[in-house]
$ cat input-v7.cif   # mmCIF, C-alpha atoms
data_query
loop_
_atom_site.label_atom_id
_atom_site.label_comp_id
_atom_site.auth_asym_id
_atom_site.auth_seq_id
_atom_site.Cartn_x
_atom_site.Cartn_y
_atom_site.Cartn_z
CA MET O 298 -69.36 -64.45 2.68
CA THR O 299 -68.39 -68.08 3.33
CA GLU O 300 -64.80 -69.25 3.43
CA ASP O 301 -65.28 -70.88 0.01
CA GLU O 302 -66.52 -67.58 -1.43
CA VAL O 303 -63.55 -65.72 0.07
CA ARG O 304 -61.23 -68.34 -1.43
CA ASN O 305 -62.84 -67.88 -4.85
CA ARG O 306 -62.41 -64.09 -4.63
CA VAL O 307 -58.74 -64.53 -3.69
CA PHE O 308 -58.36 -66.96 -6.62
CA GLU O 309 -59.90 -64.41 -9.00
CA ILE O 310 -57.54 -61.72 -7.77
CA ILE O 311 -54.43 -63.89 -8.13
CA HIS O 312 -55.55 -65.09 -11.54
CA ARG O 313 -56.04 -61.53 -12.79
CA ILE O 314 -52.62 -60.39 -11.56
CA ALA O 315 -50.64 -63.50 -12.48
CA PRO O 316 -52.65 -65.14 -15.29
CA GLU O 317 -49.87 -67.63 -15.98
CA ALA O 318 -50.14 -69.05 -12.43
CA ASP O 319 -51.57 -72.58 -12.44
CA LEU O 320 -54.01 -72.39 -9.54
CA ASP O 321 -55.40 -75.88 -10.15
CA ARG O 322 -52.11 -77.41 -9.09
CA LEU O 323 -51.73 -75.30 -5.97
CA ASP O 324 -51.62 -77.05 -2.62
CA PHE O 325 -53.41 -74.71 -0.17
CA ASN O 326 -50.61 -75.19 2.36
CA GLU O 327 -47.79 -74.36 -0.05
CA ASN O 328 -45.98 -71.04 0.00
CA LEU O 329 -48.03 -69.02 -2.51
CA ARG O 330 -45.20 -67.01 -4.00
CA GLU O 331 -42.88 -69.96 -4.41
CA ALA O 332 -45.54 -72.31 -5.78
CA LEU O 333 -46.94 -69.80 -8.28
CA ASP O 334 -43.67 -68.01 -9.03
CA ILE O 335 -45.12 -64.67 -7.96
CA ASP O 336 -42.54 -61.92 -7.52
CA SER O 337 -42.68 -59.17 -4.91
CA PHE O 338 -44.26 -56.73 -7.39
CA ASP O 339 -47.12 -59.13 -8.21
CA PHE O 340 -47.52 -60.00 -4.55
CA LEU O 341 -47.91 -56.32 -3.70
CA ASN O 342 -50.54 -56.05 -6.43
CA VAL O 343 -52.43 -58.98 -4.89
CA LEU O 344 -52.43 -57.10 -1.59
CA VAL O 345 -53.59 -53.91 -3.32
CA ALA O 346 -56.48 -55.82 -4.92
CA LEU O 347 -57.42 -57.49 -1.61
CA ASN O 348 -57.53 -54.03 -0.08
CA GLU O 349 -59.58 -52.50 -2.89
CA LYS O 350 -61.99 -55.41 -3.45
CA LEU O 351 -62.39 -56.83 0.03
CA GLY O 352 -61.35 -53.91 2.24
CA VAL O 353 -58.55 -55.83 3.97
CA ASN O 354 -55.34 -53.98 4.73
CA ILE O 355 -52.45 -56.39 5.29
CA PRO O 356 -49.48 -54.56 6.85
CA GLU O 357 -45.96 -55.70 6.07
CA ALA O 358 -45.57 -57.04 9.59
CA ASP O 359 -48.31 -59.60 8.77
CA TYR O 360 -46.88 -60.82 5.44
CA ARG O 361 -45.81 -64.08 7.04
CA GLN O 362 -49.40 -64.71 8.06
CA VAL O 363 -50.55 -64.70 4.43
CA SER O 364 -47.84 -66.84 2.89
CA THR O 365 -50.10 -69.76 1.90
CA LEU O 366 -53.51 -69.72 0.26
CA LYS O 367 -55.01 -71.29 3.37
CA THR O 368 -53.61 -68.68 5.76
CA MET O 369 -54.37 -65.84 3.33
CA VAL O 370 -58.05 -66.87 3.13
CA GLU O 371 -58.19 -67.19 6.91
CA TYR O 372 -56.59 -63.77 7.35
CA VAL O 373 -58.94 -62.10 4.87
CA ASN O 374 -61.96 -63.78 6.43
CA LYS O 375 -60.94 -62.58 9.87
CA HIS O 376 -60.12 -58.99 8.91
CA MET O 377 -62.72 -58.29 6.23
CA PRO O 378 -64.93 -55.40 7.31
CA SER O 379 -68.61 -56.28 7.66
CA GLN O 380 -69.69 -53.96 4.83
CA ALA O 381 -67.50 -55.91 2.38
CA ARG O 382 -69.13 -59.25 3.24
CA MET E 207 -33.95 -49.33 -37.42
CA PRO E 208 -32.40 -48.44 -34.09
CA SER E 209 -30.10 -50.84 -32.27
CA LEU E 210 -31.98 -51.95 -29.18
CA GLY E 211 -29.12 -53.77 -27.54
CA ALA E 212 -25.69 -55.12 -28.32
CA ASP E 213 -27.17 -58.36 -29.59
CA MET E 214 -29.68 -56.90 -32.05
CA GLU E 215 -28.90 -57.18 -35.75
CA ALA E 216 -32.32 -56.66 -37.34
CA GLY E 217 -35.91 -55.84 -36.44
CA LYS E 218 -39.33 -56.21 -38.00
CA LEU E 219 -41.54 -53.16 -38.34
CA ILE E 220 -44.94 -54.08 -36.94
CA ALA E 221 -46.77 -50.78 -37.37
CA TRP E 222 -46.31 -47.09 -37.95
CA LYS E 223 -47.80 -44.68 -35.41
CA ILE E 224 -47.31 -41.75 -37.77
CA LYS E 225 -48.08 -40.85 -41.38
CA PRO E 226 -46.58 -38.37 -43.87
CA GLY E 227 -47.44 -34.82 -42.90
CA ASP E 228 -47.64 -35.51 -39.15
CA ARG E 229 -45.74 -33.21 -36.80
CA VAL E 230 -43.43 -35.11 -34.44
CA LYS E 231 -41.22 -34.06 -31.60
CA ARG E 232 -38.24 -35.70 -29.94
CA GLY E 233 -39.36 -38.58 -27.70
CA ASP E 234 -42.64 -39.30 -29.53
CA ILE E 235 -43.46 -42.95 -30.22
CA VAL E 236 -43.43 -43.30 -34.00
CA ALA E 237 -43.36 -47.04 -34.67
CA GLU E 238 -43.68 -50.47 -33.15
CA VAL E 239 -40.86 -52.92 -33.82
CA GLU E 240 -40.53 -56.63 -33.13
CA THR E 241 -37.16 -57.85 -31.88
CA GLU E 242 -36.23 -61.31 -30.70
CA LYS E 243 -36.67 -60.26 -27.11
CA ALA E 244 -39.81 -58.16 -27.20
CA ASP E 245 -42.01 -55.74 -29.09
CA ILE E 246 -40.64 -52.22 -28.64
CA ASP E 247 -42.13 -48.75 -29.09
CA VAL E 248 -39.59 -46.78 -31.13
CA GLU E 249 -39.04 -43.15 -30.16
CA ILE E 250 -37.91 -40.45 -32.53
CA PHE E 251 -34.83 -38.32 -31.85
CA ALA E 252 -35.71 -35.35 -34.06
CA THR E 253 -38.45 -32.73 -34.17
CA GLY E 254 -40.16 -31.86 -37.45
CA THR E 255 -42.64 -33.12 -40.01
CA VAL E 256 -42.87 -36.66 -41.36
CA HIS E 257 -41.90 -36.52 -45.04
CA GLU E 258 -41.80 -40.16 -46.10
CA LEU E 259 -42.14 -43.64 -44.63
CA LEU E 260 -39.54 -45.90 -46.23
CA VAL E 261 -40.26 -49.29 -44.68
CA GLU E 262 -43.56 -51.16 -44.83
CA PRO E 263 -45.11 -52.91 -41.82
CA GLY E 264 -44.08 -56.57 -41.88
CA GLN E 265 -40.63 -55.86 -43.35
CA LYS E 266 -37.58 -57.10 -41.45
CA VAL E 267 -34.59 -54.82 -41.92
CA PRO E 268 -31.04 -54.63 -40.53
CA VAL E 269 -30.10 -52.24 -37.74
CA GLY E 270 -29.15 -48.89 -39.29
CA THR E 271 -31.71 -48.98 -42.08
CA VAL E 272 -33.48 -45.64 -42.55
CA LEU E 273 -37.13 -46.14 -41.61
CA ALA E 274 -38.50 -42.70 -42.45
CA LYS E 275 -37.50 -39.20 -43.45
CA ILE E 276 -38.26 -36.22 -41.26
CA LEU E 277 -38.05 -32.61 -42.37
CA GLU E 278 -36.85 -30.32 -39.66
CA GLU E 279 -38.21 -26.78 -39.31
CA GLY E 280 -37.61 -24.73 -42.49
CA GLU E 281 -36.12 -27.67 -44.38
CA SER E 282 -37.13 -28.57 -47.93
CA ALA E 283 -37.91 -32.08 -49.10
CA ALA E 284 -34.76 -32.58 -51.17
CA PRO E 285 -31.93 -33.56 -48.79
CA ALA E 286 -34.01 -34.90 -45.93
CA PRO E 287 -32.16 -36.04 -42.83
CA ALA E 288 -32.49 -39.63 -41.69
CA VAL E 289 -34.47 -40.57 -38.60
CA SER E 290 -31.98 -43.16 -37.51
CA ALA E 291 -28.50 -44.17 -38.60
CA PRO E 292 -27.63 -43.77 -42.27
CA ALA E 293 -28.76 -46.49 -44.64
CA PRO E 294 -26.19 -49.17 -45.34
CA GLU E 295 -24.15 -48.28 -48.39
CA ARG E 296 -23.32 -50.67 -51.21
CA LEU E 297 -22.04 -53.81 -49.58
CA ARG E 298 -18.25 -53.93 -49.26
CA ILE E 299 -17.09 -57.48 -48.77
CA SER E 300 -14.01 -59.42 -49.76
CA PRO E 301 -14.47 -62.37 -52.15
CA LEU E 302 -13.19 -64.75 -49.47
CA ALA E 303 -15.66 -63.42 -46.89
CA LYS E 304 -18.45 -63.60 -49.44
CA LYS E 305 -17.64 -67.22 -50.23
CA LEU E 306 -17.44 -68.10 -46.54
CA ALA E 307 -20.77 -66.39 -45.86
CA ALA E 308 -22.39 -68.45 -48.59
CA GLU E 309 -20.91 -71.65 -47.15
CA LEU E 310 -22.03 -70.85 -43.63
CA GLY E 311 -25.45 -69.58 -44.70
CA VAL E 312 -24.85 -66.14 -43.14
CA ASP E 313 -26.87 -63.18 -44.45
CA VAL E 314 -24.16 -60.60 -45.22
CA GLY E 315 -26.80 -57.87 -45.27
CA LEU E 316 -27.07 -58.23 -41.50
CA ILE E 317 -23.33 -57.93 -40.79
CA ARG E 318 -21.63 -54.70 -39.82
CA GLY E 319 -18.15 -54.76 -41.32
CA THR E 320 -15.09 -53.93 -39.24
CA GLY E 321 -12.63 -53.82 -42.13
CA ALA E 322 -11.33 -50.80 -44.02
CA GLY E 323 -14.17 -48.46 -44.97
CA GLY E 324 -16.67 -50.74 -43.20
CA ALA E 325 -15.86 -53.72 -45.40
CA ILE E 326 -17.02 -57.10 -44.17
CA THR E 327 -14.08 -59.34 -43.37
CA ARG E 328 -13.74 -63.08 -43.00
CA GLU E 329 -13.62 -62.58 -39.19
CA ASP E 330 -16.92 -60.63 -39.32
CA VAL E 331 -18.56 -63.52 -41.13
CA GLU E 332 -17.16 -66.07 -38.69
CA ARG E 333 -18.38 -64.01 -35.75
CA ALA E 334 -21.85 -63.69 -37.28
CA ALA E 335 -21.97 -67.42 -37.93
CA ALA E 336 -20.93 -68.19 -34.36
CA ALA E 337 -23.35 -65.68 -32.86
CA LYS E 338 -26.53 -67.13 -34.30
CA PRO E 339 -27.91 -70.05 -36.20
CA ALA E 340 -27.83 -69.63 -39.98
CA GLU E 341 -31.55 -70.28 -40.25
CA LYS E 342 -33.42 -67.64 -38.31
CA PRO E 343 -37.13 -67.58 -39.09
CA ALA E 344 -39.39 -64.66 -38.22
CA ILE E 345 -40.66 -64.81 -34.67
CA ALA E 346 -44.02 -66.41 -34.14
CA PRO E 347 -45.53 -66.62 -30.66
CA ALA E 348 -44.72 -70.32 -30.57
CA ASP E 349 -40.99 -69.78 -30.92
CA PHE E 350 -40.79 -66.61 -28.88
CA GLN E 351 -38.83 -68.49 -26.22
CA ALA E 352 -36.31 -69.73 -28.77
CA GLY E 353 -35.92 -66.23 -30.21
CA MET E 354 -35.36 -64.78 -26.77
CA ARG E 355 -32.82 -67.47 -25.94
CA ARG E 356 -30.96 -66.72 -29.18
CA ALA E 357 -30.89 -63.00 -28.38
CA ILE E 358 -29.69 -63.59 -24.82
CA ALA E 359 -27.14 -66.12 -26.07
CA ALA E 360 -25.71 -63.63 -28.57
CA ALA E 361 -25.40 -60.83 -25.99
CA MET E 362 -23.97 -63.04 -23.28
CA ALA E 363 -21.54 -64.77 -25.65
CA ARG E 364 -20.27 -61.37 -26.71
CA SER E 365 -19.96 -60.32 -23.07
CA ASN E 366 -18.02 -63.41 -22.10
CA ARG E 367 -15.82 -63.13 -25.18
CA GLU E 368 -14.99 -59.45 -24.83
CA ILE E 369 -15.31 -58.47 -21.18
CA PRO E 370 -12.74 -59.57 -18.60
CA HIS E 371 -15.09 -59.82 -15.63
CA TYR E 372 -14.10 -59.56 -11.98
CA TYR E 373 -16.48 -60.39 -9.17
CA LEU E 374 -16.81 -59.04 -5.64
CA GLU E 375 -19.29 -60.05 -2.98
CA THR E 376 -20.40 -58.65 0.35
CA HIS E 377 -23.04 -59.34 2.99
CA ILE E 378 -25.19 -56.44 4.12
CA ASP E 379 -27.18 -56.25 7.34
CA MET E 380 -30.60 -55.07 6.17
CA HIS E 381 -32.37 -54.72 9.52
CA ARG E 382 -32.21 -50.91 9.61
CA ALA E 383 -33.37 -50.58 6.02
CA LEU E 384 -36.25 -53.03 6.42
CA GLU E 385 -37.40 -51.62 9.76
CA TRP E 386 -37.36 -48.11 8.33
CA LEU E 387 -39.27 -49.27 5.26
CA GLN E 388 -41.87 -51.07 7.35
CA THR E 389 -42.48 -47.91 9.37
CA GLU E 390 -42.63 -45.81 6.20
CA ASN E 391 -45.06 -48.19 4.53
CA LEU E 392 -47.36 -48.09 7.58
CA LYS E 393 -47.92 -44.40 6.79
CA ARG E 394 -48.97 -45.24 3.24
CA THR E 395 -51.91 -46.90 1.58
CA VAL E 396 -51.24 -50.40 0.26
CA LYS E 397 -51.03 -48.97 -3.24
CA GLU E 398 -48.36 -46.46 -2.23
CA ARG E 399 -46.05 -48.94 -0.53
CA ILE E 400 -42.43 -49.11 -1.53
CA LEU E 401 -40.75 -52.44 -2.25
CA PRO E 402 -37.33 -53.26 -0.73
CA ALA E 403 -35.97 -53.47 -4.29
CA VAL E 404 -36.48 -49.72 -4.63
CA LEU E 405 -34.25 -49.06 -1.60
CA LEU E 406 -31.60 -51.22 -3.28
CA ILE E 407 -31.90 -49.29 -6.55
CA ARG E 408 -31.61 -45.99 -4.70
CA ALA E 409 -28.55 -47.21 -2.77
CA VAL E 410 -26.91 -48.29 -6.04
CA ILE E 411 -27.53 -44.83 -7.49
CA ARG E 412 -25.97 -43.19 -4.43
CA GLY E 413 -23.00 -45.56 -4.72
CA LEU E 414 -22.55 -44.66 -8.37
CA LYS E 415 -22.26 -41.00 -7.45
CA ASP E 416 -19.26 -42.00 -5.31
CA ILE E 417 -17.76 -44.37 -7.91
CA PRO E 418 -18.95 -42.85 -11.21
CA GLU E 419 -16.72 -44.96 -13.43
CA LEU E 420 -19.10 -47.89 -12.87
CA ASN E 421 -21.86 -45.89 -14.58
CA ALA E 422 -20.23 -45.93 -17.98
CA TYR E 423 -19.71 -47.65 -21.32
CA TRP E 424 -16.55 -49.30 -22.59
CA SER E 425 -16.44 -48.14 -26.16
CA ASN E 426 -13.60 -47.95 -28.72
CA ASP E 427 -11.07 -49.05 -26.09
CA ARG E 428 -11.88 -46.27 -23.69
CA LEU E 429 -14.10 -45.57 -20.72
CA GLU E 430 -17.00 -43.29 -21.55
CA MET E 431 -18.58 -42.04 -18.31
CA LYS E 432 -22.31 -41.32 -18.34
CA GLU E 433 -23.87 -38.35 -16.57
CA SER E 434 -27.36 -39.74 -16.18
CA VAL E 435 -27.91 -43.00 -14.36
CA ASN E 436 -30.23 -45.22 -16.40
CA VAL E 437 -30.69 -48.30 -14.25
CA GLY E 438 -31.36 -51.48 -16.21
CA PHE E 439 -33.50 -53.73 -14.05
CA ALA E 440 -33.96 -57.41 -14.83
CA ILE E 441 -37.69 -58.17 -15.16
CA SER E 442 -39.10 -61.65 -15.67
CA LEU E 443 -41.67 -61.88 -18.46
CA ARG E 444 -44.92 -63.82 -18.30
CA GLN E 445 -43.96 -65.93 -21.31
CA GLY E 446 -40.57 -66.72 -19.78
CA GLY E 447 -37.18 -65.09 -20.04
CA LEU E 448 -35.74 -61.90 -18.59
CA ILE E 449 -35.52 -58.45 -20.09
CA THR E 450 -33.54 -55.55 -18.63
CA PRO E 451 -35.14 -52.24 -19.59
CA ALA E 452 -33.82 -49.12 -17.89
CA ILE E 453 -35.39 -46.69 -15.47
CA MET E 454 -34.28 -43.56 -17.30
CA ASN E 455 -32.66 -40.73 -15.31
CA ALA E 456 -33.11 -42.77 -12.16
CA ASP E 457 -30.67 -40.51 -10.31
CA GLN E 458 -33.19 -37.68 -10.50
CA LYS E 459 -35.94 -39.66 -8.79
CA ASN E 460 -36.76 -40.00 -5.10
CA LEU E 461 -38.01 -43.26 -3.60
CA ASP E 462 -41.67 -42.66 -4.47
CA GLN E 463 -40.82 -41.67 -8.02
CA LEU E 464 -38.54 -44.69 -8.38
CA MET E 465 -41.30 -47.00 -7.15
CA ALA E 466 -43.73 -45.46 -9.63
CA ALA E 467 -41.20 -45.75 -12.45
CA LEU E 468 -40.37 -49.37 -11.61
CA SER E 469 -44.06 -50.33 -11.45
CA ASP E 470 -44.70 -48.67 -14.78
CA LEU E 471 -41.67 -50.37 -16.32
CA ILE E 472 -42.67 -53.85 -15.10
CA VAL E 473 -46.22 -53.47 -16.40
CA ARG E 474 -45.08 -52.20 -19.81
CA ALA E 475 -42.32 -54.82 -20.09
CA ARG E 476 -44.90 -57.55 -19.55
CA GLU E 477 -47.37 -55.96 -21.96
CA GLY E 478 -44.74 -55.44 -24.68
CA HIS E 479 -44.76 -51.64 -24.61
CA LEU E 480 -41.21 -50.70 -23.72
CA ARG E 481 -39.68 -47.64 -25.33
CA SER E 482 -36.59 -48.03 -27.50
CA SER E 483 -34.49 -45.78 -25.26
CA GLU E 484 -35.30 -47.97 -22.27
CA ILE E 485 -33.83 -50.97 -24.08
CA SER E 486 -30.75 -49.37 -25.55
CA GLU E 487 -29.65 -46.70 -23.09
CA GLY E 488 -29.14 -48.49 -19.77
CA THR E 489 -25.89 -47.43 -18.12
CA ILE E 490 -25.72 -50.15 -15.44
CA THR E 491 -27.79 -53.26 -14.69
CA ILE E 492 -29.27 -54.55 -11.46
CA THR E 493 -30.28 -58.21 -11.27
CA ASN E 494 -32.38 -58.92 -8.22
CA LEU E 495 -33.07 -62.64 -7.96
CA GLY E 496 -34.05 -62.60 -4.30
CA ASP E 497 -37.66 -63.37 -5.19
CA LEU E 498 -36.50 -66.67 -6.66
CA GLY E 499 -34.69 -67.69 -3.49
CA VAL E 500 -31.22 -67.23 -4.95
CA GLU E 501 -28.58 -66.42 -2.39
CA THR E 502 -25.87 -64.94 -4.61
CA VAL E 503 -25.94 -63.51 -8.14
CA HIS E 504 -22.82 -63.63 -10.31
CA GLY E 505 -24.05 -61.66 -13.29
CA VAL E 506 -22.81 -61.25 -16.83
CA ILE E 507 -22.33 -57.62 -17.85
CA TYR E 508 -24.43 -56.26 -20.72
CA PRO E 509 -21.99 -54.63 -23.16
CA PRO E 510 -21.15 -51.79 -23.57
CA GLN E 511 -21.98 -51.34 -19.88
CA VAL E 512 -19.13 -51.97 -17.45
CA ALA E 513 -20.89 -53.20 -14.31
CA LEU E 514 -23.74 -55.32 -13.07
CA VAL E 515 -24.96 -55.35 -9.47
CA GLY E 516 -26.54 -58.57 -8.25
CA PHE E 517 -28.82 -58.99 -5.25
CA GLY E 518 -29.84 -62.29 -3.71
CA ARG E 519 -32.51 -63.15 -1.21
CA ILE E 520 -32.70 -61.28 2.08
CA GLN E 521 -32.61 -64.04 4.68
CA GLU E 522 -32.19 -64.31 8.42
CA ARG E 523 -28.70 -65.31 9.43
CA PRO E 524 -26.51 -65.30 12.53
CA TRP E 525 -24.72 -61.96 12.57
CA ALA E 526 -21.87 -60.96 14.86
CA ALA E 527 -21.46 -57.25 15.63
CA ASN E 528 -19.84 -55.40 18.53
CA GLY E 529 -18.95 -58.66 20.23
CA MET E 530 -22.56 -59.86 20.19
CA LEU E 531 -24.19 -62.58 18.14
CA GLY E 532 -27.68 -61.94 16.88
CA VAL E 533 -30.02 -62.81 14.02
CA ARG E 534 -30.33 -60.29 11.20
CA PRO E 535 -31.90 -60.11 7.75
CA VAL E 536 -28.84 -60.35 5.52
CA LEU E 537 -28.51 -59.55 1.83
CA THR E 538 -25.72 -60.83 -0.41
CA ALA E 539 -24.73 -58.12 -2.88
CA THR E 540 -22.31 -58.75 -5.71
CA LEU E 541 -20.59 -56.60 -8.26
CA ALA E 542 -19.56 -57.89 -11.67
CA GLY E 543 -17.09 -55.36 -13.04
CA ASP E 544 -15.34 -54.94 -16.38
CA HIS E 545 -11.63 -55.07 -15.56
CA ARG E 546 -10.81 -52.89 -18.57
CA ALA E 547 -12.86 -50.09 -17.00
CA THR E 548 -12.30 -50.45 -13.25
CA ASP E 549 -10.33 -52.52 -10.81
CA GLY E 550 -11.23 -54.47 -7.69
CA ARG E 551 -10.32 -51.59 -5.40
CA ARG E 552 -12.92 -49.26 -6.91
CA GLY E 553 -15.40 -52.11 -7.03
CA ALA E 554 -14.85 -52.79 -3.34
CA GLN E 555 -15.36 -49.11 -2.56
CA PHE E 556 -18.66 -49.25 -4.42
CA LEU E 557 -19.90 -52.21 -2.35
CA GLN E 558 -18.76 -50.43 0.83
CA ALA E 559 -20.74 -47.36 -0.22
CA LEU E 560 -23.78 -49.51 -0.97
CA ASP E 561 -23.62 -50.98 2.54
CA ARG E 562 -23.14 -47.55 4.08
CA TYR E 563 -26.19 -46.07 2.35
CA LEU E 564 -28.37 -49.02 3.33
CA GLN E 565 -27.45 -48.42 6.98
CA GLU E 566 -28.94 -44.91 6.70
CA PRO E 567 -32.17 -45.59 4.82
CA GLU E 568 -33.75 -42.32 5.94
CA LYS E 569 -31.15 -40.49 3.85
CA LEU E 570 -31.86 -42.46 0.71
#
$ encode --input "input-v7.cif" --output "structure tokens"
Amino acid sequence: MTEDEVRNRVFEIIHRIAPEADLDRLDFNENLREALDIDSFDFLNVLVALNEKLGVNIPEADYRQVSTLKTMVEYVNKHMPSQAR
Amino acid sequence: MPSLGADMEAGKLIAWKIKPGDRVKRGDIVAEVETEKADIDVEIFATGTVHELLVEPGQKVPVGTVLAKILEEGESAAPAPAVSAPAPERLRISPLAKKLAAELGVDVGLIRGTGAGGAITREDVERAAAAKPAEKPAIAPADFQAGMRRAIAAAMARSNREIPHYYLETHIDMHRALEWLQTENLKRTVKERILPAVLLIRAVIRGLKDIPELNAYWSNDRLEMKESVNVGFAISLRQGGLITPAIMNADQKNLDQLMAALSDLIVRAREGHLRSSEISEGTITITNLGDLGVETVHGVIYPPQVALVGFGRIQERPWAANGMLGVRPVLTATLAGDHRATDGRRGAQFLQALDRYLQEPEKL
């Protein structure tokens, strides 16, 4: 899976969980939760979906590493198990 | 038509979930009702057989209107008991109040009189006129926001008018609680993780066991303590606005059960499937605006409740303890209390208890 494909999967997941979020206006370096007004409950659901769909388990200690779309895509790309690619 | 909050005066029946002849038991969802804040699933508080449906879908009726008749076990059809409050009797209103209502464009059918024998007084009409615009069209999706604002405005205006608030604030070192939670969550799947908000809810519940007069209603000039703790939790809706449904019997739930109940409540609040009891039976409210970056919350109490606990953002701050300066995740917790029900001393004891419980998260 290319980085663009990973980004699209992350987009799909965010869109499903927070359909009101305007992804078109999102700067990839912005704080995701602040820019899209995603609360901690929705954010946890994004992490649940990333785990279920892409096999990536993001522990709480790493939350700061997935605060922007750019870093989240990088993190997922790096930690995605080979069978999910 | 049940009252689903201090601000609600009328509701529109959207659909029946029952029909004459159906067996129903206490707690069953029997109807769907549209209020200015949200669509609500109405529960029934009797067990028996549906005898007659008295209101048609699409009808908007005042709070207290009988919606249906239920026959309890062994009861005949003649004097059937009402599902909800008794139907309004013939309108009792003074000529002056009636004239004023006409001038102000207030629907007297929606006013609950406070005069002798439930008569509507001039003051009742003036209050009703001040509480809402005279023209109040049925809610369409397009003006949902306006309807919600009107409902919030009515409840908050009443709160500010009637409740003498006092406010207390404290800063809580959250490092023990967050470290414990991080370790706990490592043992769980992502789906089973617990949010910090759940620790806060649990700590509030423990604090209320120490200071029970904060879990109460102020009603008819007296404090009415509540046994169960039904925690109203402010939830932001997709279409904008906040609603504060309650986690019912939250004091009987452990952390995992609270997390499950909160998740369920958030999903249903956003889908428009809250139960009527969750809207009308909260005994205290928690407003957690930490997600929005707010540092301190000075909340407005939802009458007839007597307290609101506010939580801001947990943020790293310099923290001095035992002669040492360090950096800690710090939470600002506030209490808005009704001074008719409690005083600052009891409020301060509650915040102390909250802090104490959050320093021993393993005991929550």
$ resolve_selection --input "input-v7.cif" --expression "the PyMOL selection byres ((chain O) within 9 of (chain E))" --output "list in words"
Ala315, Pro316, Glu317, Arg330, Glu331, Asp334, Ile335, Asp336, Ser337, Phe338, Leu341, Asn342, Leu344, Val345, Ala346, Asn348, Asn354, Ile355, Pro356, Glu357 and Ala358 of chain O
$ write_last_selection --input "input-v7.cif" --atoms "C-alpha atoms" --output "PDB file, in the frame of the given file"
ATOM      1  CA  ALA O 315     -50.640 -63.500 -12.480  1.00  0.00           C
ATOM      2  CA  PRO O 316     -52.650 -65.140 -15.290  1.00  0.00           C
ATOM      3  CA  GLU O 317     -49.870 -67.630 -15.980  1.00  0.00           C
ATOM      4  CA  ARG O 330     -45.200 -67.010  -4.000  1.00  0.00           C
ATOM      5  CA  GLU O 331     -42.880 -69.960  -4.410  1.00  0.00           C
ATOM      6  CA  ASP O 334     -43.670 -68.010  -9.030  1.00  0.00           C
ATOM      7  CA  ILE O 335     -45.120 -64.670  -7.960  1.00  0.00           C
ATOM      8  CA  ASP O 336     -42.540 -61.920  -7.520  1.00  0.00           C
ATOM      9  CA  SER O 337     -42.680 -59.170  -4.910  1.00  0.00           C
ATOM     10  CA  PHE O 338     -44.260 -56.730  -7.390  1.00  0.00           C
ATOM     11  CA  LEU O 341     -47.910 -56.320  -3.700  1.00  0.00           C
ATOM     12  CA  ASN O 342     -50.540 -56.050  -6.430  1.00  0.00           C
ATOM     13  CA  LEU O 344     -52.430 -57.100  -1.590  1.00  0.00           C
ATOM     14  CA  VAL O 345     -53.590 -53.910  -3.320  1.00  0.00           C
ATOM     15  CA  ALA O 346     -56.480 -55.820  -4.920  1.00  0.00           C
ATOM     16  CA  ASN O 348     -57.530 -54.030  -0.080  1.00  0.00           C
ATOM     17  CA  ASN O 354     -55.340 -53.980   4.730  1.00  0.00           C
ATOM     18  CA  ILE O 355     -52.450 -56.390   5.290  1.00  0.00           C
ATOM     19  CA  PRO O 356     -49.480 -54.560   6.850  1.00  0.00           C
ATOM     20  CA  GLU O 357     -45.960 -55.700   6.070  1.00  0.00           C
ATOM     21  CA  ALA O 358     -45.570 -57.040   9.590  1.00  0.00           C
TER      22      ALA O 358
END
$ closest_residue --input "input-v7.cif" --among "E:Arg519, E:Lys304, E:Arg481, E:Lys459" --to "Thr493 (chain E)" --atoms "all atoms listed in the file"
E:Arg519
$ atom_distance --input "input-v7.cif" --atom1 "CA of Ala363 (chain E)" --atom2 "CA of Glu329 (chain E)"
15.8 Å
$ resolve_selection --input "input-v7.cif" --expression "the PyMOL selection byres ((chain O and resi 374-377) around 7)" --output "list in words"
Glu300, Val303, Leu351, Gly352, Val353, Val370, Glu371, Tyr372, Val373, Pro378, Ser379 and Ala381 of chain O
$ residues_around --input "input-v7.cif" --residues "Leu448 (chain E)" --least-positions-apart "4" --cutoff "12 Å" --atoms "only C-alpha atoms" --output "list in words"
Lys243, Ala244, Gln351, Met354, Arg355, Ala357, Ile358, Gly438, Phe439, Ala440, Ile441, Ser442, Leu443, Arg444, Ile472, Ala475, Arg476, Thr493, Asn494 and Leu495 of chain E
$ residues_around --input "input-v7.cif" --residues "Phe308 (chain O)" --least-positions-apart "3" --cutoff "12 Å" --atoms "all atoms listed in the file" --output "PyMOL selection string"
chain O and resi 301-305+311-316+318-321+323+325+329+333+343+346-347+366-367+369-370
$ closest_residue --input "input-v7.cif" --among "E:Asp234, E:Glu433, E:Glu487, E:Glu240" --to "Pro263 (chain E)" --atoms "only C-alpha atoms"
E:Glu240
$ closest_residue --input "input-v7.cif" --among "E:Asp379, E:Asp313, E:Asp245, E:Glu279" --to "Ala527 (chain E)" --atoms "all atoms listed in the file"
E:Asp379
$ atom_distance --input "input-v7.cif" --atom1 "CA of Leu420 (chain E)" --atom2 "CA of Pro509 (chain E)"
12.6 Å
$ closest_atom_pairs --input "input-v7.cif" --of "region 376-425 of chain E" --to "region 366-371 of chain E" --cutoff "12 Å" --atoms "only C-alpha atoms" --output "CSV"
residue,atom,partner,partner_atom,distance
E:Tyr423,CA,E:Ile369,CA,11.7
E:Trp424,CA,E:Ile369,CA,9.4
E:Ser425,CA,E:Glu368,CA,11.5
